[in-house]
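What follows is one structure encoded as structure tokens, with my remarks underneath.
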2 protein chains.
Amino acid sequence: MTAPEVKRGRPPTFDRATALEAATRLFWEHGYEATSVGELTRAMGIRPGSLYSAFGDKKSLFKEVVQAYGRSPVGAFVGAALAEEPTARGAFRRLLREAAAAYPDPSHPAGCLTISAATNVTVQDAEVAAFLRDLRNANLAAFEARLLTAQQQGELPPTANPRALAAYFAAVIQGMSQRARDGATPAELTRTAELALAAWPQGQG
Amino acid sequence: MTAPEVKRGRPPTFDRATALEAATRLFWEHGYEATSVGELTRAMGIRPGSLYSAFGDKKSLFKEVVQAYGRSPVGAFVGAALAEEPTARGAFRRLLREAAAAYPDPSHPAGCLTISAATNVTVQDAEVAAFLRDLRNANLAAFEARLLTAQQQGELPPTANPRALAAYFAAVIQGMSQRARDGATPAELTRTAELALAAWPQGQG
DNA sequence: CTGATTCTAGAGCGATCGTTCAAGAACGTG
DNA sequence: CACGTTCTTGAACGATCGCTCTAGAATCAG
């Protein structure tokens with residue numbers, strides 16, 4: 001896509017992806033506004049000038065963090081489950097079980113960055129909160145689309161309500177993220193996932 | 001308890017409860033750190049000196065707001081349902097339905113203050129986040145206690161898992177709060193509540 | 001080497017943060 | 001009236017916020 005472009009001038013002394021990972025952990029743990037640029041530069045090992053020339057401002061750095069998070073394993077498992085599982089029920093079962101394992105994983109901050117990183121924002125950062133809210137509501141729409149397809153293919157009975165089921169599973173996922181941040185264990189969240197599946201129409205399985 | 005105490009000196013020009021309500025709305029909407037003292041004084045109609053002499057500092061004002069919220073109708077319905085309903089199933093059904101109606105009520109900020117007001121905090125305000133987290137986990141413990149009683153009284157079968165059920169309903173409630181802040185309607189949340197009840201053991205009702 | 005270019009280092013910008021303080025106003029008491 | 005007390009007012013404190021700027025270091029082209 002992009003031309004190779006001859007390299008000129010002083011080369012960067014830091015790895016962009018590594019720095020982005022450090023920023024991700026901070027935003028994931030404390031959220032957008034509660035993470036200061038000073039904390040970011042310290043964790044990323046760079047000075048403010050380098051941060052602003054490499055990533056723009058704090059807001060665009062955050063958006064780049066969110067995009068990278070969405071492509072990482074822990075951020076992409078929702079889309080993977082919906083796309084790869086042959087049945088809708090299998091997709092949501094896998095999705096819930098993987099959330100139960102990933103959200104409390106101690107190798108990274110608890111819960112889901114998209115769900116919890118911009119809950120408390122000032123009015124001048126309302127755009128950041130809206131950015132994440134739109135991502136969450138897009139996930140809700142993907143849930144509904146998958147369930148609608150399942151109904152059209154006969155996996156779900158005509159009496160089922162795809163939109164209601166999608167909203168229910170979205171609420172469960174978001175609640176599991178919150179519970180993980182409150183200290184829930186993988187065992188607890190796995191049991192929550194199994195109980196949540198009891199809402200599946202017809203009581204199959 | 002307290003002596004009548006003769007009133008001396010200049011009387012306050014503002015109503016304490018009214019000012020507390022104004023502060024509650026701000027903290028509820030934006031959270032603890034994203035609400036500045038300047039916004040608080042403007043909304044409460046008082047100057048910084050009055051705020052600090054009447055409520056201590058920002059942190060103690062927030063705690064007083066949380067306590068008042070817990071005694072208000074929208075903050076106390078959980079405890080009321082658990083205490084007043086004769087059966088555990090009736091208690092959780094009422095609790096979920098009332099949450100579905102209260103969380104998206106446009107007469108106040110969406111969702112639950114205890115759940116969402118201190119999600120994103122800096123390290124120096126970790127105490128505030130812990131304060132709300134303890135309240136949430138106390139609610140979880142109350143869920144479990146009510147379900148354990150139900151099991152001992154035969155309402156729940158011996159095969160049921162009170163702790164797992166409590167964690168599940170806690171996750172659903174917290175997810176419903178998040179969904180309400182993301183724009184969910186009372187109708188959506190009511191359907192979520194009904195679906196959530198499908199996890200009740202034995203498939204009763 | 002010189003020159004152009006790109007990055008780093010670190011001081012410092014204006015704005016806002018939570019909080020405090022001094023001066024004065026409004027009350028009950030003597 | 002004066003006095004003691006309590007509250008209000010508005011300025012201002014030091015700290016931190018996101019961000020910018022300048023000087024210099026490191027590279028490539030010629």
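Each chain of the structure tokens is named A, B, ... in the order shown, its residues numbered from 1; ligands are numbered from 1 in display order.
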
Residues at most 9 Å from stretch 14-29 of chain D, counting only C-alpha atoms (C1' of nucleotides), excluding those fewer than 3 positions away in the same chain, as a compact mmCIF listing (two decimals) with C-alpha atoms (C1' of nucleotides), in the first residue's frame?
# COMPACT_ATOMS: atom_id res chain seq x y z
CA LYS A 7 14.43 7.06 5.64
CA ARG A 8 15.86 10.46 6.42
CA GLY A 9 16.75 12.26 9.60
CA ARG A 10 17.34 10.93 13.10
CA PRO A 11 15.67 7.56 13.63
CA SER A 36 -2.27 11.76 32.62
CA VAL A 37 0.14 12.55 29.83
CA PRO A 48 6.04 14.77 25.68
CA GLY A 49 7.48 16.07 22.40
CA TYR A 52 2.83 14.40 20.41
CA ASP A 57 -2.57 14.45 20.99
CA LYS A 58 -3.88 12.46 23.95
C1' DG C 3 23.07 20.80 4.52
C1' DA C 4 18.53 18.98 5.06
C1' DT C 5 15.75 16.29 7.83
C1' DT C 6 13.83 13.99 11.85
C1' DC C 7 13.99 12.91 16.32
C1' DT C 8 15.07 13.80 21.59
C1' DA C 9 15.50 16.40 25.81
C1' DG C 12 7.91 26.14 30.30
C1' DC C 13 3.30 27.75 28.40
C1' DA C 15 -5.55 26.82 32.09
C1' DT C 16 -7.69 24.37 35.53
C1' DC C 17 -7.51 21.51 39.56

Step one, run DSSP on the backbone; step two, keep only residues of stretch 9-198 of chain A assigned to alpha helix (DSSP H); then write them as an MDAnalysis selection string. chainID A and resid 16:30 37:44 48:55 58:71 73:84 88:102 113:116 126:152 162:181 186:196

Identify all chain B residues at most 7 Å from chain A by counting only C-alpha atoms; ligands do not count. Present them as a list in words. His30, Gly31, Ala34, Thr35, Ser116, Ala117, Thr119, Asn120, Val121, Thr122, Arg133, Ala164, Ala167, Tyr168, Ala171, Val172, Gln174, Gly175, Met176, Arg179, Asp182, Glu188, Arg191, Thr192, Leu195, Ala196, Ala198 and Ala199 of chain B

Residues of chain C within 7 Å of chain B, only C-alpha atoms (C1' of nucleotides) counted, as a PyMOL selection string: chain C and resi 26-28

May I have the residues from that selection written out with N, CA and C atoms (P, O5', C5', C4', C3', O3' and C1' of nucleotides), as an mmCIF file, in the first residue's frame?
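File produced: again03.cif:
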data_model
loop_
_atom_site.group_PDB
_atom_site.id
_atom_site.type_symbol
_atom_site.label_atom_id
_atom_site.label_comp_id
_atom_site.auth_asym_id
_atom_site.auth_seq_id
_atom_site.Cartn_x
_atom_site.Cartn_y
_atom_site.Cartn_z
ATOM 1 P P DA C 26 -26.254 41.611 55.065
ATOM 2 O "O5'" DA C 26 -26.714 40.579 56.174
ATOM 3 C "C5'" DA C 26 -26.881 39.203 55.812
ATOM 4 C "C4'" DA C 26 -27.044 38.351 57.063
ATOM 5 C "C3'" DA C 26 -28.150 38.834 58.022
ATOM 6 O "O3'" DA C 26 -28.960 37.723 58.373
ATOM 7 C "C1'" DA C 26 -26.132 38.525 59.191
ATOM 8 P P DC C 27 -30.475 37.916 58.722
ATOM 9 O "O5'" DC C 27 -30.432 37.922 60.321
ATOM 10 C "C5'" DC C 27 -30.908 36.823 61.008
ATOM 11 C "C4'" DC C 27 -29.870 36.304 62.019
ATOM 12 C "C3'" DC C 27 -30.195 36.598 63.480
ATOM 13 O "O3'" DC C 27 -31.159 35.663 63.948
ATOM 14 C "C1'" DC C 27 -27.828 36.690 63.023
ATOM 15 P P DG C 28 -32.075 35.994 65.192
ATOM 16 O "O5'" DG C 28 -31.110 35.620 66.405
ATOM 17 C "C5'" DG C 28 -30.802 34.251 66.664
ATOM 18 C "C4'" DG C 28 -29.946 34.136 67.919
ATOM 19 C "C3'" DG C 28 -30.634 34.629 69.199
ATOM 20 O "O3'" DG C 28 -30.250 33.809 70.299
ATOM 21 C "C1'" DG C 28 -28.709 35.955 68.745
#

Pull out every residue of chain D that has at least one atom within 8 Å of chain B, counting only C-alpha atoms (C1' of nucleotides), and report them as a compact mmCIF listing (two decimals) with N, CA, C and O atoms (P, O5', C5', C4', C3', O3' and C1' of nucleotides), in the first residue's frame.
# COMPACT_ATOMS: atom_id res chain seq x y z
P DT D 5 -17.37 33.20 70.77
O5' DT D 5 -18.31 32.80 69.55
C5' DT D 5 -19.70 32.56 69.78
C4' DT D 5 -20.42 32.40 68.46
C3' DT D 5 -19.71 31.49 67.45
O3' DT D 5 -20.54 30.38 67.17
C1' DT D 5 -20.51 33.50 66.43
P DT D 6 -19.99 29.15 66.31
O5' DT D 6 -20.65 29.42 64.89
C5' DT D 6 -22.07 29.63 64.81
C4' DT D 6 -22.43 30.11 63.42
C3' DT D 6 -21.80 29.30 62.29
O3' DT D 6 -22.80 28.94 61.37
C1' DT D 6 -21.45 31.61 61.96
P DC D 7 -22.53 27.84 60.24
O5' DC D 7 -22.67 28.71 58.92
C5' DC D 7 -23.87 29.45 58.69
C4' DC D 7 -23.59 30.57 57.71
C3' DC D 7 -23.01 30.11 56.38
O3' DC D 7 -23.93 30.37 55.33
C1' DC D 7 -21.86 32.02 57.25
P DT D 8 -23.46 30.08 53.80
O5' DT D 8 -22.90 31.50 53.33
C5' DT D 8 -23.71 32.66 53.43
C4' DT D 8 -23.06 33.83 52.69
C3' DT D 8 -22.60 33.49 51.28
O3' DT D 8 -22.97 34.55 50.41
C1' DT D 8 -20.76 34.30 52.56
P DT D 9 -22.87 34.35 48.82
O5' DT D 9 -21.63 35.26 48.42
C5' DT D 9 -21.42 36.52 49.05
C4' DT D 9 -19.98 36.97 48.89
C3' DT D 9 -19.35 36.64 47.54
O3' DT D 9 -19.18 37.86 46.82
C1' DT D 9 -17.85 36.24 49.36

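Between atom CA of A:Gly70 and atom CA of A:Gln151 the separation is 27.9 Å.
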
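Closest approach to A:Pro106 from the set A:Gln67, A:Pro186, A:Asp15, A:Ala23 is made by A:Pro186, with distances taken over only C-alpha atoms.
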
What does the distance from atom CA of B:Thr159 to atom CA of B:Leu147 come to in Å, to one decimal? 12.5 Å

Here atom CA of B:Val78 and atom CA of B:Leu95 stand apart by 5.8 Å

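For B:Pro162, the residues within 9 Å (counting only C-alpha atoms (C1' of nucleotides), excluding itself and residues fewer than 5 positions away along the chain) are Phe143, Glu144, Ala145, Arg146, Leu147, Leu148, Ala150, Gln151, Leu156 and Ala167 of chain B.
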
Please produce a file of the residues just selected, as a compact mmCIF listing (two decimals), in the first residue's frame, where the atoms kept are N, CA and C atoms.
# COMPACT_ATOMS: atom_id res chain seq x y z
N PHE B 143 -27.19 -10.57 48.10
CA PHE B 143 -27.82 -11.50 47.15
C PHE B 143 -27.60 -12.94 47.60
N GLU B 144 -26.34 -13.24 47.87
CA GLU B 144 -26.00 -14.62 48.23
C GLU B 144 -26.69 -15.04 49.51
N ALA B 145 -26.74 -14.13 50.49
CA ALA B 145 -27.39 -14.46 51.76
C ALA B 145 -28.87 -14.77 51.54
N ARG B 146 -29.52 -13.95 50.70
CA ARG B 146 -30.94 -14.18 50.45
C ARG B 146 -31.16 -15.52 49.74
N LEU B 147 -30.28 -15.87 48.82
CA LEU B 147 -30.43 -17.12 48.08
C LEU B 147 -30.10 -18.33 48.96
N LEU B 148 -29.16 -18.13 49.86
CA LEU B 148 -28.81 -19.21 50.78
C LEU B 148 -29.98 -19.51 51.70
N ALA B 150 -33.06 -18.98 50.98
CA ALA B 150 -34.07 -19.63 50.15
C ALA B 150 -33.78 -21.12 50.00
N GLN B 151 -32.51 -21.45 49.88
CA GLN B 151 -32.16 -22.86 49.73
C GLN B 151 -32.43 -23.62 51.03
N LEU B 156 -35.14 -23.12 46.99
CA LEU B 156 -34.16 -23.50 45.97
C LEU B 156 -33.74 -24.94 46.21
N ALA B 167 -23.79 -14.02 41.95
CA ALA B 167 -22.85 -13.36 41.06
C ALA B 167 -23.48 -13.11 39.69

Give me the residues near B:Ala81 as an mmCIF file with C-alpha atoms, in the first residue's frame, where near means some atom within 9 Å (using only C-alpha atoms (C1' of nucleotides)) and where sequence neighbours in that chain fewer than 2 positions away do not count.
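The new file result_23.cif reads:
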data_model
loop_
_atom_site.group_PDB
_atom_site.id
_atom_site.type_symbol
_atom_site.label_atom_id
_atom_site.label_comp_id
_atom_site.auth_asym_id
_atom_site.auth_seq_id
_atom_site.Cartn_x
_atom_site.Cartn_y
_atom_site.Cartn_z
ATOM 1 C CA ALA B 76 -32.785 1.623 47.892
ATOM 2 C CA PHE B 77 -34.997 -0.585 45.718
ATOM 3 C CA VAL B 78 -32.537 -3.480 45.854
ATOM 4 C CA GLY B 79 -32.581 -3.706 49.614
ATOM 5 C CA ALA B 83 -36.333 -7.510 52.484
ATOM 6 C CA GLU B 84 -40.000 -7.222 51.541
ATOM 7 C CA GLU B 85 -40.667 -10.034 49.080
ATOM 8 C CA GLY B 90 -40.144 -12.840 43.837
ATOM 9 C CA ALA B 91 -37.436 -10.618 45.258
ATOM 10 C CA PHE B 92 -35.119 -10.988 42.266
ATOM 11 C CA ARG B 93 -37.987 -10.663 39.798
ATOM 12 C CA ARG B 94 -39.084 -7.424 41.423
ATOM 13 C CA LEU B 95 -35.516 -6.210 41.736
#
